Every structure is written in structure tokens, then in C-alpha cells.
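A.B. asks: As input, take target_32.pdb (PDB, C-alpha atoms, pLDDT in the B column):
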```
ATOM      1  CA  SER A   1      -3.936   0.848  23.822  1.00 56.00           C
ATOM      2  CA  LEU A   2      -3.425  -2.939  23.994  1.00 57.00           C
ATOM      3  CA  PHE A   3       0.280  -2.443  24.741  1.00 62.00           C
ATOM      4  CA  SER A   4       0.183   0.785  26.719  1.00 60.00           C
ATOM      5  CA  ALA A   5      -2.104   0.173  29.700  1.00 60.00           C
ATOM      6  CA  GLY A   6      -1.072   1.845  32.960  1.00 64.00           C
ATOM      7  CA  ASN A   7       1.881   4.239  32.768  1.00 71.00           C
ATOM      8  CA  VAL A   8       1.759   5.218  29.095  1.00 73.00           C
ATOM      9  CA  VAL A   9       5.038   7.185  29.114  1.00 80.00           C
ATOM     10  CA  LYS A  10       6.961   4.291  30.648  1.00 80.00           C
ATOM     11  CA  THR A  11       5.332   1.743  28.350  1.00 80.00           C
ATOM     12  CA  TYR A  12       6.008   3.725  25.177  1.00 83.00           C
ATOM     13  CA  SER A  13       9.622   4.225  26.278  1.00 86.00           C
ATOM     14  CA  MET A  14      10.014   0.480  26.774  1.00 87.00           C
ATOM     15  CA  TRP A  15       8.513  -0.351  23.387  1.00 85.00           C
ATOM     16  CA  SER A  16      10.671   2.298  21.701  1.00 90.00           C
ATOM     17  CA  VAL A  17      13.828   0.711  23.100  1.00 93.00           C
ATOM     18  CA  ILE A  18      12.679  -2.769  22.000  1.00 93.00           C
ATOM     19  CA  ILE A  19      11.850  -1.603  18.465  1.00 94.00           C
ATOM     20  CA  VAL A  20      15.178   0.237  18.097  1.00 96.00           C
ATOM     21  CA  LEU A  21      17.110  -2.828  19.267  1.00 97.00           C
ATOM     22  CA  ILE A  22      15.246  -5.036  16.787  1.00 97.00           C
ATOM     23  CA  PHE A  23      15.901  -2.513  14.020  1.00 96.00           C
ATOM     24  CA  ILE A  24      19.633  -2.390  14.783  1.00 97.00           C
ATOM     25  CA  ALA A  25      19.817  -6.201  14.958  1.00 96.00           C
ATOM     26  CA  LEU A  26      18.120  -6.643  11.577  1.00 95.00           C
ATOM     27  CA  GLN A  27      20.287  -3.981   9.958  1.00 95.00           C
ATOM     28  CA  ALA A  28      23.397  -5.702  11.361  1.00 95.00           C
ATOM     29  CA  MET A  29      22.199  -9.046   9.959  1.00 94.00           C
ATOM     30  CA  THR A  30      21.822  -7.455   6.540  1.00 90.00           C
ATOM     31  CA  ALA A  31      25.247  -5.787   6.706  1.00 90.00           C
ATOM     32  CA  PHE A  32      27.281  -8.708   8.052  1.00 92.00           C
ATOM     33  CA  CYS A  33      25.390 -11.874   7.060  1.00 89.00           C
ATOM     34  CA  CYS A  34      24.285 -11.192   3.469  1.00 86.00           C
ATOM     35  CA  LYS A  35      26.942 -11.764   0.822  1.00 84.00           C
ATOM     36  CA  GLU A  36      26.464 -10.367  -2.660  1.00 80.00           C
ATOM     37  CA  ALA A  37      27.678 -12.490  -5.542  1.00 80.00           C
ATOM     38  CA  PRO A  38      30.418 -10.836  -7.627  1.00 80.00           C
ATOM     39  CA  ARG A  39      29.062  -9.089 -10.675  1.00 72.00           C
ATOM     40  CA  PRO A  40      30.625  -9.506 -14.117  1.00 71.00           C
ATOM     41  CA  GLN A  41      32.614  -6.559 -15.380  1.00 67.00           C
ATOM     42  CA  THR A  42      30.714  -4.460 -17.901  1.00 57.00           C
ATOM     43  CA  THR A  43      31.943  -1.844 -20.284  1.00 51.00           C
ATOM     44  CA  GLU A  44      29.339   0.650 -19.120  1.00 50.00           C
ATOM     45  CA  LYS A  45      29.715   2.350 -15.792  1.00 55.00           C
ATOM     46  CA  ASN A  46      26.748   2.537 -13.458  1.00 57.00           C
ATOM     47  CA  LYS A  47      25.169   5.959 -13.697  1.00 63.00           C
ATOM     48  CA  GLY A  48      23.223   7.638 -10.955  1.00 67.00           C
ATOM     49  CA  ILE A  49      19.673   8.847 -11.497  1.00 68.00           C
ATOM     50  CA  SER A  50      18.995  12.518 -10.891  1.00 73.00           C
ATOM     51  CA  ILE A  51      15.751  14.231  -9.959  1.00 75.00           C
ATOM     52  CA  ARG A  52      15.872  16.054 -13.297  1.00 78.00           C
ATOM     53  CA  GLN A  53      15.937  12.733 -15.154  1.00 73.00           C
ATOM     54  CA  ILE A  54      12.922  11.519 -13.176  1.00 72.00           C
ATOM     55  CA  PHE A  55      10.836  14.573 -14.063  1.00 75.00           C
ATOM     56  CA  SER A  56      12.058  14.415 -17.650  1.00 74.00           C
ATOM     57  CA  ALA A  57      10.863  10.820 -17.876  1.00 71.00           C
ATOM     58  CA  LEU A  58       7.486  11.855 -16.476  1.00 73.00           C
ATOM     59  CA  ARG A  59       7.194  14.644 -19.014  1.00 76.00           C
ATOM     60  CA  LYS A  60       7.890  12.323 -21.941  1.00 77.00           C
ATOM     61  CA  ASN A  61       5.861   9.361 -20.687  1.00 79.00           C
ATOM     62  CA  ASP A  62       2.247  10.419 -20.173  1.00 82.00           C
ATOM     63  CA  GLN A  63       1.193   6.971 -18.945  1.00 84.00           C
ATOM     64  CA  ALA A  64       3.914   6.937 -16.287  1.00 82.00           C
ATOM     65  CA  LEU A  65       2.759  10.399 -15.192  1.00 83.00           C
ATOM     66  CA  TRP A  66      -0.844   9.289 -14.682  1.00 86.00           C
ATOM     67  CA  MET A  67       0.188   6.065 -12.954  1.00 84.00           C
ATOM     68  CA  ALA A  68       2.506   8.024 -10.639  1.00 84.00           C
ATOM     69  CA  LEU A  69      -0.412  10.329  -9.763  1.00 87.00           C
ATOM     70  CA  ALA A  70      -2.638   7.282  -9.178  1.00 85.00           C
ATOM     71  CA  LEU A  71      -0.048   5.786  -6.820  1.00 86.00           C
ATOM     72  CA  LEU A  72       0.386   9.098  -5.012  1.00 89.00           C
ATOM     73  CA  THR A  73      -3.382   9.304  -4.486  1.00 88.00           C
ATOM     74  CA  TYR A  74      -3.426   5.720  -3.224  1.00 86.00           C
ATOM     75  CA  TYR A  75      -0.593   6.274  -0.729  1.00 88.00           C
ATOM     76  CA  ILE A  76      -2.201   9.432   0.675  1.00 91.00           C
ATOM     77  CA  SER A  77      -5.696   7.941   0.930  1.00 86.00           C
ATOM     78  CA  ASN A  78      -4.412   4.694   2.455  1.00 82.00           C
ATOM     79  CA  GLY A  79      -2.522   6.631   5.126  1.00 86.00           C
ATOM     80  CA  LEU A  80      -5.614   8.711   5.866  1.00 88.00           C
ATOM     81  CA  LEU A  81      -7.728   5.557   6.035  1.00 81.00           C
ATOM     82  CA  ILE A  82      -5.585   3.968   8.731  1.00 79.00           C
ATOM     83  CA  THR A  83      -5.371   7.160  10.790  1.00 84.00           C
ATOM     84  CA  LEU A  84      -9.096   7.910  10.573  1.00 84.00           C
ATOM     85  CA  ALA A  85     -10.004   4.281  11.284  1.00 80.00           C
ATOM     86  CA  TYR A  86      -8.030   4.388  14.543  1.00 78.00           C
ATOM     87  CA  ASN A  87      -9.654   7.644  15.610  1.00 83.00           C
ATOM     88  CA  LEU A  88     -13.134   6.528  14.567  1.00 82.00           C
ATOM     89  CA  TYR A  89     -12.872   3.366  16.634  1.00 80.00           C
ATOM     90  CA  TYR A  90     -11.487   5.186  19.682  1.00 80.00           C
ATOM     91  CA  VAL A  91     -14.218   7.862  19.498  1.00 82.00           C
ATOM     92  CA  GLU A  92     -17.075   5.376  19.022  1.00 79.00           C
ATOM     93  CA  VAL A  93     -15.914   2.489  21.237  1.00 76.00           C
ATOM     94  CA  GLY A  94     -13.063   3.765  23.381  1.00 74.00           C
ATOM     95  CA  TYR A  95      -9.579   2.646  24.347  1.00 72.00           C
ATOM     96  CA  ASP A  96     -10.411  -0.964  25.097  1.00 71.00           C
ATOM     97  CA  GLY A  97      -7.437  -2.569  23.348  1.00 70.00           C
ATOM     98  CA  ASN A  98      -9.613  -4.496  20.887  1.00 75.00           C
ATOM     99  CA  VAL A  99      -8.560  -2.279  17.989  1.00 74.00           C
ATOM    100  CA  PHE A 100      -5.675  -4.762  17.718  1.00 76.00           C
ATOM    101  CA  TRP A 101      -8.095  -7.196  16.050  1.00 81.00           C
ATOM    102  CA  PHE A 102      -9.115  -4.534  13.543  1.00 80.00           C
ATOM    103  CA  VAL A 103      -5.454  -4.060  12.603  1.00 80.00           C
ATOM    104  CA  ALA A 104      -5.005  -7.853  12.389  1.00 85.00           C
ATOM    105  CA  ILE A 105      -7.935  -8.073   9.964  1.00 86.00           C
ATOM    106  CA  TYR A 106      -6.341  -5.300   7.906  1.00 84.00           C
ATOM    107  CA  GLY A 107      -3.141  -7.349   7.664  1.00 87.00           C
ATOM    108  CA  ILE A 108      -4.980 -10.561   6.796  1.00 89.00           C
ATOM    109  CA  ALA A 109      -6.972  -8.789   4.068  1.00 89.00           C
ATOM    110  CA  ASN A 110      -3.779  -7.384   2.529  1.00 88.00           C
ATOM    111  CA  VAL A 111      -2.022 -10.755   2.497  1.00 90.00           C
ATOM    112  CA  SER A 112      -5.122 -12.479   1.107  1.00 91.00           C
ATOM    113  CA  ALA A 113      -5.484  -9.903  -1.663  1.00 91.00           C
ATOM    114  CA  ASN A 114      -1.869 -10.456  -2.725  1.00 89.00           C
ATOM    115  CA  PHE A 115      -2.525 -14.211  -2.767  1.00 91.00           C
ATOM    116  CA  PHE A 116      -5.704 -14.014  -4.847  1.00 91.00           C
ATOM    117  CA  TYR A 117      -4.584 -11.324  -7.314  1.00 91.00           C
ATOM    118  CA  PRO A 118      -2.869 -13.749  -9.753  1.00 91.00           C
ATOM    119  CA  MET A 119      -6.112 -15.746  -9.942  1.00 92.00           C
ATOM    120  CA  PHE A 120      -8.098 -12.601 -10.750  1.00 93.00           C
ATOM    121  CA  ALA A 121      -5.483 -11.481 -13.282  1.00 91.00           C
ATOM    122  CA  ARG A 122      -5.786 -14.747 -15.203  1.00 91.00           C
ATOM    123  CA  ARG A 123      -9.559 -14.429 -15.533  1.00 93.00           C
ATOM    124  CA  PHE A 124     -10.219 -10.703 -15.820  1.00 93.00           C
ATOM    125  CA  SER A 125      -8.688  -7.686 -17.515  1.00 92.00           C
ATOM    126  CA  ARG A 126      -6.951  -5.094 -15.352  1.00 89.00           C
ATOM    127  CA  ARG A 127      -9.615  -2.563 -16.329  1.00 91.00           C
ATOM    128  CA  ARG A 128     -12.294  -4.881 -14.948  1.00 94.00           C
ATOM    129  CA  ILE A 129     -10.264  -5.558 -11.798  1.00 93.00           C
ATOM    130  CA  LEU A 130      -9.723  -1.830 -11.171  1.00 92.00           C
ATOM    131  CA  THR A 131     -13.392  -1.004 -11.771  1.00 93.00           C
ATOM    132  CA  VAL A 132     -14.791  -3.755  -9.542  1.00 94.00           C
ATOM    133  CA  ALA A 133     -12.213  -3.077  -6.795  1.00 93.00           C
ATOM    134  CA  ALA A 134     -13.113   0.628  -6.768  1.00 92.00           C
ATOM    135  CA  ILE A 135     -16.856  -0.143  -6.589  1.00 95.00           C
ATOM    136  CA  VAL A 136     -16.408  -2.654  -3.747  1.00 93.00           C
ATOM    137  CA  ALA A 137     -14.259  -0.162  -1.824  1.00 91.00           C
ATOM    138  CA  MET A 138     -16.905   2.548  -2.217  1.00 92.00           C
ATOM    139  CA  ILE A 139     -19.592   0.153  -0.976  1.00 93.00           C
ATOM    140  CA  GLY A 140     -17.435  -0.632   2.058  1.00 90.00           C
ATOM    141  CA  TYR A 141     -16.880   3.071   2.767  1.00 89.00           C
ATOM    142  CA  ALA A 142     -20.610   3.797   2.405  1.00 91.00           C
ATOM    143  CA  CYS A 143     -21.507   1.009   4.850  1.00 90.00           C
ATOM    144  CA  ILE A 144     -18.938   2.256   7.380  1.00 87.00           C
ATOM    145  CA  PHE A 145     -20.394   5.759   7.008  1.00 88.00           C
ATOM    146  CA  CYS A 146     -23.860   4.376   7.874  1.00 88.00           C
ATOM    147  CA  LEU A 147     -22.688   2.595  11.041  1.00 86.00           C
ATOM    148  CA  GLY A 148     -24.403   3.926  14.141  1.00 83.00           C
ATOM    149  CA  TRP A 149     -27.027   5.907  12.207  1.00 88.00           C
ATOM    150  CA  PHE A 150     -29.460   2.994  12.009  1.00 85.00           C
ATOM    151  CA  SER A 151     -30.574   0.517  14.664  1.00 83.00           C
ATOM    152  CA  PHE A 152     -29.867  -2.459  12.392  1.00 84.00           C
ATOM    153  CA  LEU A 153     -26.303  -1.204  11.777  1.00 85.00           C
ATOM    154  CA  PRO A 154     -24.774  -0.580  15.224  1.00 86.00           C
ATOM    155  CA  PHE A 155     -21.177   0.532  15.463  1.00 84.00           C
ATOM    156  CA  SER A 156     -19.145  -2.329  16.890  1.00 83.00           C
ATOM    157  CA  LEU A 157     -15.825  -4.020  16.314  1.00 81.00           C
ATOM    158  CA  LEU A 158     -17.617  -6.728  14.314  1.00 85.00           C
ATOM    159  CA  THR A 159     -19.505  -4.437  11.917  1.00 86.00           C
ATOM    160  CA  PHE A 160     -16.524  -2.091  11.578  1.00 85.00           C
ATOM    161  CA  SER A 161     -14.220  -4.999  10.728  1.00 85.00           C
ATOM    162  CA  VAL A 162     -16.633  -6.683   8.295  1.00 87.00           C
ATOM    163  CA  PHE A 163     -17.148  -3.558   6.215  1.00 89.00           C
ATOM    164  CA  GLY A 164     -13.495  -2.642   6.669  1.00 87.00           C
ATOM    165  CA  LEU A 165     -12.638  -5.986   5.103  1.00 89.00           C
ATOM    166  CA  PHE A 166     -14.392  -4.876   1.911  1.00 90.00           C
ATOM    167  CA  VAL A 167     -12.255  -1.739   1.847  1.00 90.00           C
ATOM    168  CA  PHE A 168      -8.946  -3.380   2.750  1.00 89.00           C
ATOM    169  CA  PHE A 169      -9.220  -6.282   0.322  1.00 92.00           C
ATOM    170  CA  SER A 170     -10.439  -4.225  -2.629  1.00 92.00           C
ATOM    171  CA  THR A 171      -7.968  -1.363  -2.191  1.00 90.00           C
ATOM    172  CA  THR A 172      -5.080  -3.836  -2.057  1.00 91.00           C
ATOM    173  CA  ILE A 173      -6.329  -5.496  -5.259  1.00 93.00           C
ATOM    174  CA  PHE A 174      -6.617  -2.018  -6.783  1.00 91.00           C
ATOM    175  CA  TYR A 175      -3.049  -1.249  -5.738  1.00 89.00           C
ATOM    176  CA  MET A 176      -1.715  -4.497  -7.209  1.00 90.00           C
ATOM    177  CA  ALA A 177      -3.364  -3.805 -10.572  1.00 91.00           C
ATOM    178  CA  THR A 178      -2.037  -0.246 -10.509  1.00 88.00           C
ATOM    179  CA  VAL A 179       1.520  -1.454  -9.872  1.00 86.00           C
ATOM    180  CA  VAL A 180       1.257  -3.883 -12.800  1.00 88.00           C
ATOM    181  CA  ASN A 181      -0.024  -1.044 -14.997  1.00 86.00           C
ATOM    182  CA  TYR A 182       2.857   1.098 -13.840  1.00 84.00           C
ATOM    183  CA  THR A 183       5.371  -1.634 -14.662  1.00 83.00           C
ATOM    184  CA  ASN A 184       4.020  -1.714 -18.200  1.00 84.00           C
ATOM    185  CA  CYS A 185       5.039   1.921 -18.562  1.00 83.00           C
ATOM    186  CA  VAL A 186       8.574   0.611 -19.142  1.00 82.00           C
ATOM    187  CA  GLU A 187       7.481  -1.012 -22.411  1.00 82.00           C
ATOM    188  CA  TYR A 188       5.491   2.087 -23.311  1.00 83.00           C
ATOM    189  CA  ASN A 189       8.560   4.242 -22.707  1.00 80.00           C
ATOM    190  CA  GLU A 190      10.552   2.054 -25.090  1.00 81.00           C
ATOM    191  CA  TYR A 191       7.756   2.313 -27.644  1.00 84.00           C
ATOM    192  CA  ILE A 192       7.556   6.125 -27.660  1.00 81.00           C
ATOM    193  CA  THR A 193      11.204   7.061 -27.049  1.00 78.00           C
ATOM    194  CA  GLY A 194      13.150   4.081 -28.361  1.00 78.00           C
ATOM    195  CA  GLU A 195      14.836   3.729 -24.974  1.00 75.00           C
ATOM    196  CA  ARG A 196      13.718   1.251 -22.331  1.00 75.00           C
ATOM    197  CA  ASN A 197      15.027   3.172 -19.278  1.00 77.00           C
ATOM    198  CA  GLU A 198      13.781   0.439 -16.961  1.00 78.00           C
ATOM    199  CA  ALA A 199      15.753   1.647 -13.939  1.00 76.00           C
ATOM    200  CA  LEU A 200      14.616   5.235 -14.417  1.00 76.00           C
ATOM    201  CA  ILE A 201      10.913   4.383 -14.792  1.00 77.00           C
ATOM    202  CA  SER A 202      11.067   1.942 -11.877  1.00 77.00           C
ATOM    203  CA  THR A 203      12.615   4.651  -9.691  1.00 77.00           C
ATOM    204  CA  LEU A 204       9.499   6.779 -10.006  1.00 77.00           C
ATOM    205  CA  ARG A 205       7.401   4.491  -7.780  1.00 79.00           C
ATOM    206  CA  PRO A 206       9.594   4.704  -4.636  1.00 81.00           C
ATOM    207  CA  PHE A 207      10.135   8.390  -5.449  1.00 79.00           C
ATOM    208  CA  VAL A 208       6.359   8.914  -5.275  1.00 81.00           C
TER     209      VAL A 208
END
```
Is it possible to express this structure as C-alpha cells?

C.D. replies:
Amino acid sequence: SLFSAGNVVKTYSMWSVIIVLIFIALQAMTAFCCKEAPRPQTTEKNKGISIRQIFSALRKNDQALWMALALLTYYISNGLLITLAYNLYYVEVGYDGNVFWFVAIYGIANVSANFFYPMFARRFSRRRILTVAAIVAMIGYACIFCLGWFSFLPFSLLTFSVFGLFVFFSTTIFYMATVVNYTNCVEYNEYITGERNEALISTLRPFV
């Protein structure tokens, strides 16, 4: 709503054109300005990765299977979180344009979590990080659920953002630990099958 006051159709059309032009410009920069260094000739030819190979790797690697399911759950819930947060704010407060600050806080929390994760990883085990992150996220969700039901917890941009910060920061930390766990599935695959298959295991995450 911050960028679409007045004639919404005209404004969205304008922003669509701007975004498409930026997209084309960045793609052109990648295509024409980035030079790849020549690769040494190898005896093995690069092989493509099929969908069958991906599912076969999942079947043989139980840890990769569970981590893929964990990532899938994260992606779905994170998408739902953003969508529901927008609608919740619009229903409770209205289209006042201030939801921009809520989105900005979401971005700051994500960047901060990525910055602090190495510090947490040096001091705590991933199991501890995952457990604490999940608990903090649940506390944040519970507090957001209580907003507006009690006089001392009014629904406002401030309270929504403060408790949202708990959710955003902790879920990003949770995601980082999950990705590291998933990366370790490469070593586990080598341990159980005798083959590292790094490219194949790594393909599962974007496939999810």
C-alpha cells in the first residue's frame, strides 16, 4: 500500500514495468559482463542429474530424506508466515502503508541472524541451536496470537514487529542450522554408500 496509493491499476503497471526492466538489465549484465575462467580438461564428461537419481539418493540416504522434509516444511511455513502477516496487519490496522516497516524489520532480522549464526555455532551444538530457535519462535507466535485479546497487549505495528522479530530471527537461525545439517548428508552418503555424490545431494535442496 506504500507504493500503490491512488490509482492502484496504474501504479502496479508502472512498478511492473520498472521491475521487468531491472530484471532484464541484471540478466544482461550477467550474460555479457561476467567471464568464466577456462576449466581444465578432464577425462570424465559432465553428466546430467535426473529426477530418478534424486529420488534414488533420497531412498538410500535416510538423513538426506529427513532434512529435505525439514526444508520443505520450512519453505512452506515461511511462505505462509509472510502471507498471513500481511493479511493480519491489514485486517487489524488497515492499509496505512506502515507495513513497509514490518517488512524492513523482517529483512534486518534475517541479515542479523546470518551474521550471528557463526558465533552461535562456535559455542553451541546444532541440536541446542535448533531446540532453542524452535522454542523462541513458538514464544513469538504465541505472543502474536495474544495481541489484541488483552488490554496490556494491544495490536499495533510496534508490538507486532517486536514479537515478529522473535519469530524472524529464530526461524532464520533454525534454517541456517538445518542447511548445515543437510550439507553434512554428503559425508553421510559417502559413509553408507562409498560414493560422495556431492553434486547429487546438493541438488536436492533447490529441488525441494

A.B. asks: What does the distance from CA of Met14 in chain A to CA of Asn98 in chain A come to in Å, to one decimal?

C.D. replies: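 One can read the CA of Met14 in chain A to CA of Asn98 in chain A distance as 21.1 Å.
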
A.B. asks: How far is it from CA of Phe163 in chain A to CA of Tyr141 in chain A, in Å with one decimal?

C.D. replies: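 That distance, rounded to one decimal, is 7.5 Å.
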
A.B. asks: Of the candidates A:Ser16, A:Ser125, A:Thr131, A:Asn61, which one gets nearest to Tyr191 in chain A if we count all atoms listed in the file?

C.D. replies: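 Closest candidate: A:Asn61.
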
A.B. asks: Using the chain letters and numbers from the file, which residues does the PyMOL selection byres ((chain A and resi 49-54) around 10) grab, as a ChimeraX atom specification?

C.D. replies: /A:46-48,55-59,199-204,207

A.B. asks: Could you save those same residues with C-alpha atoms as a PDB file, in the coordinates of the input?

C.D. replies:
```
ATOM      1  CA  ASN A  46      26.748   2.537 -13.458  1.00 57.00           C
ATOM      2  CA  LYS A  47      25.169   5.959 -13.697  1.00 63.00           C
ATOM      3  CA  GLY A  48      23.223   7.638 -10.955  1.00 67.00           C
ATOM      4  CA  PHE A  55      10.836  14.573 -14.063  1.00 75.00           C
ATOM      5  CA  SER A  56      12.058  14.415 -17.650  1.00 74.00           C
ATOM      6  CA  ALA A  57      10.863  10.820 -17.876  1.00 71.00           C
ATOM      7  CA  LEU A  58       7.486  11.855 -16.476  1.00 73.00           C
ATOM      8  CA  ARG A  59       7.194  14.644 -19.014  1.00 76.00           C
ATOM      9  CA  ALA A 199      15.753   1.647 -13.939  1.00 76.00           C
ATOM     10  CA  LEU A 200      14.616   5.235 -14.417  1.00 76.00           C
ATOM     11  CA  ILE A 201      10.913   4.383 -14.792  1.00 77.00           C
ATOM     12  CA  SER A 202      11.067   1.942 -11.877  1.00 77.00           C
ATOM     13  CA  THR A 203      12.615   4.651  -9.691  1.00 77.00           C
ATOM     14  CA  LEU A 204       9.499   6.779 -10.006  1.00 77.00           C
ATOM     15  CA  PHE A 207      10.135   8.390  -5.449  1.00 79.00           C
TER      16      PHE A 207
END
```

A.B. asks: Name the residues that the PyMOL selection byres ((chain A and resi 101) around 12) picks from the file above, as an MDAnalysis selection string, using the file's chain letters and numbers.

C.D. replies: chainID A and resid 1:2 86 89 96:100 102:108 157:158 160:162 164:165

A.B. asks: Of the residues A:Asn110, A:Ser151, A:Pro118, A:Gly194, which is the one nearest to Thr172 in chain A, using all atoms listed in the file?

C.D. replies: A:Asn110

A.B. asks: If you measure from CA of Ile139 in chain A to CA of Leu88 in chain A, what distance in Å do you get, rounded to one decimal?

C.D. replies: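 One can read the CA of Ile139 in chain A to CA of Leu88 in chain A distance as 18.0 Å.
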
A.B. asks: Between A:Ala25, A:Glu187, A:Lys60, A:Cys143, which one has atoms that come closest to Phe155 in chain A, using only C-alpha atoms?

C.D. replies: A:Cys143
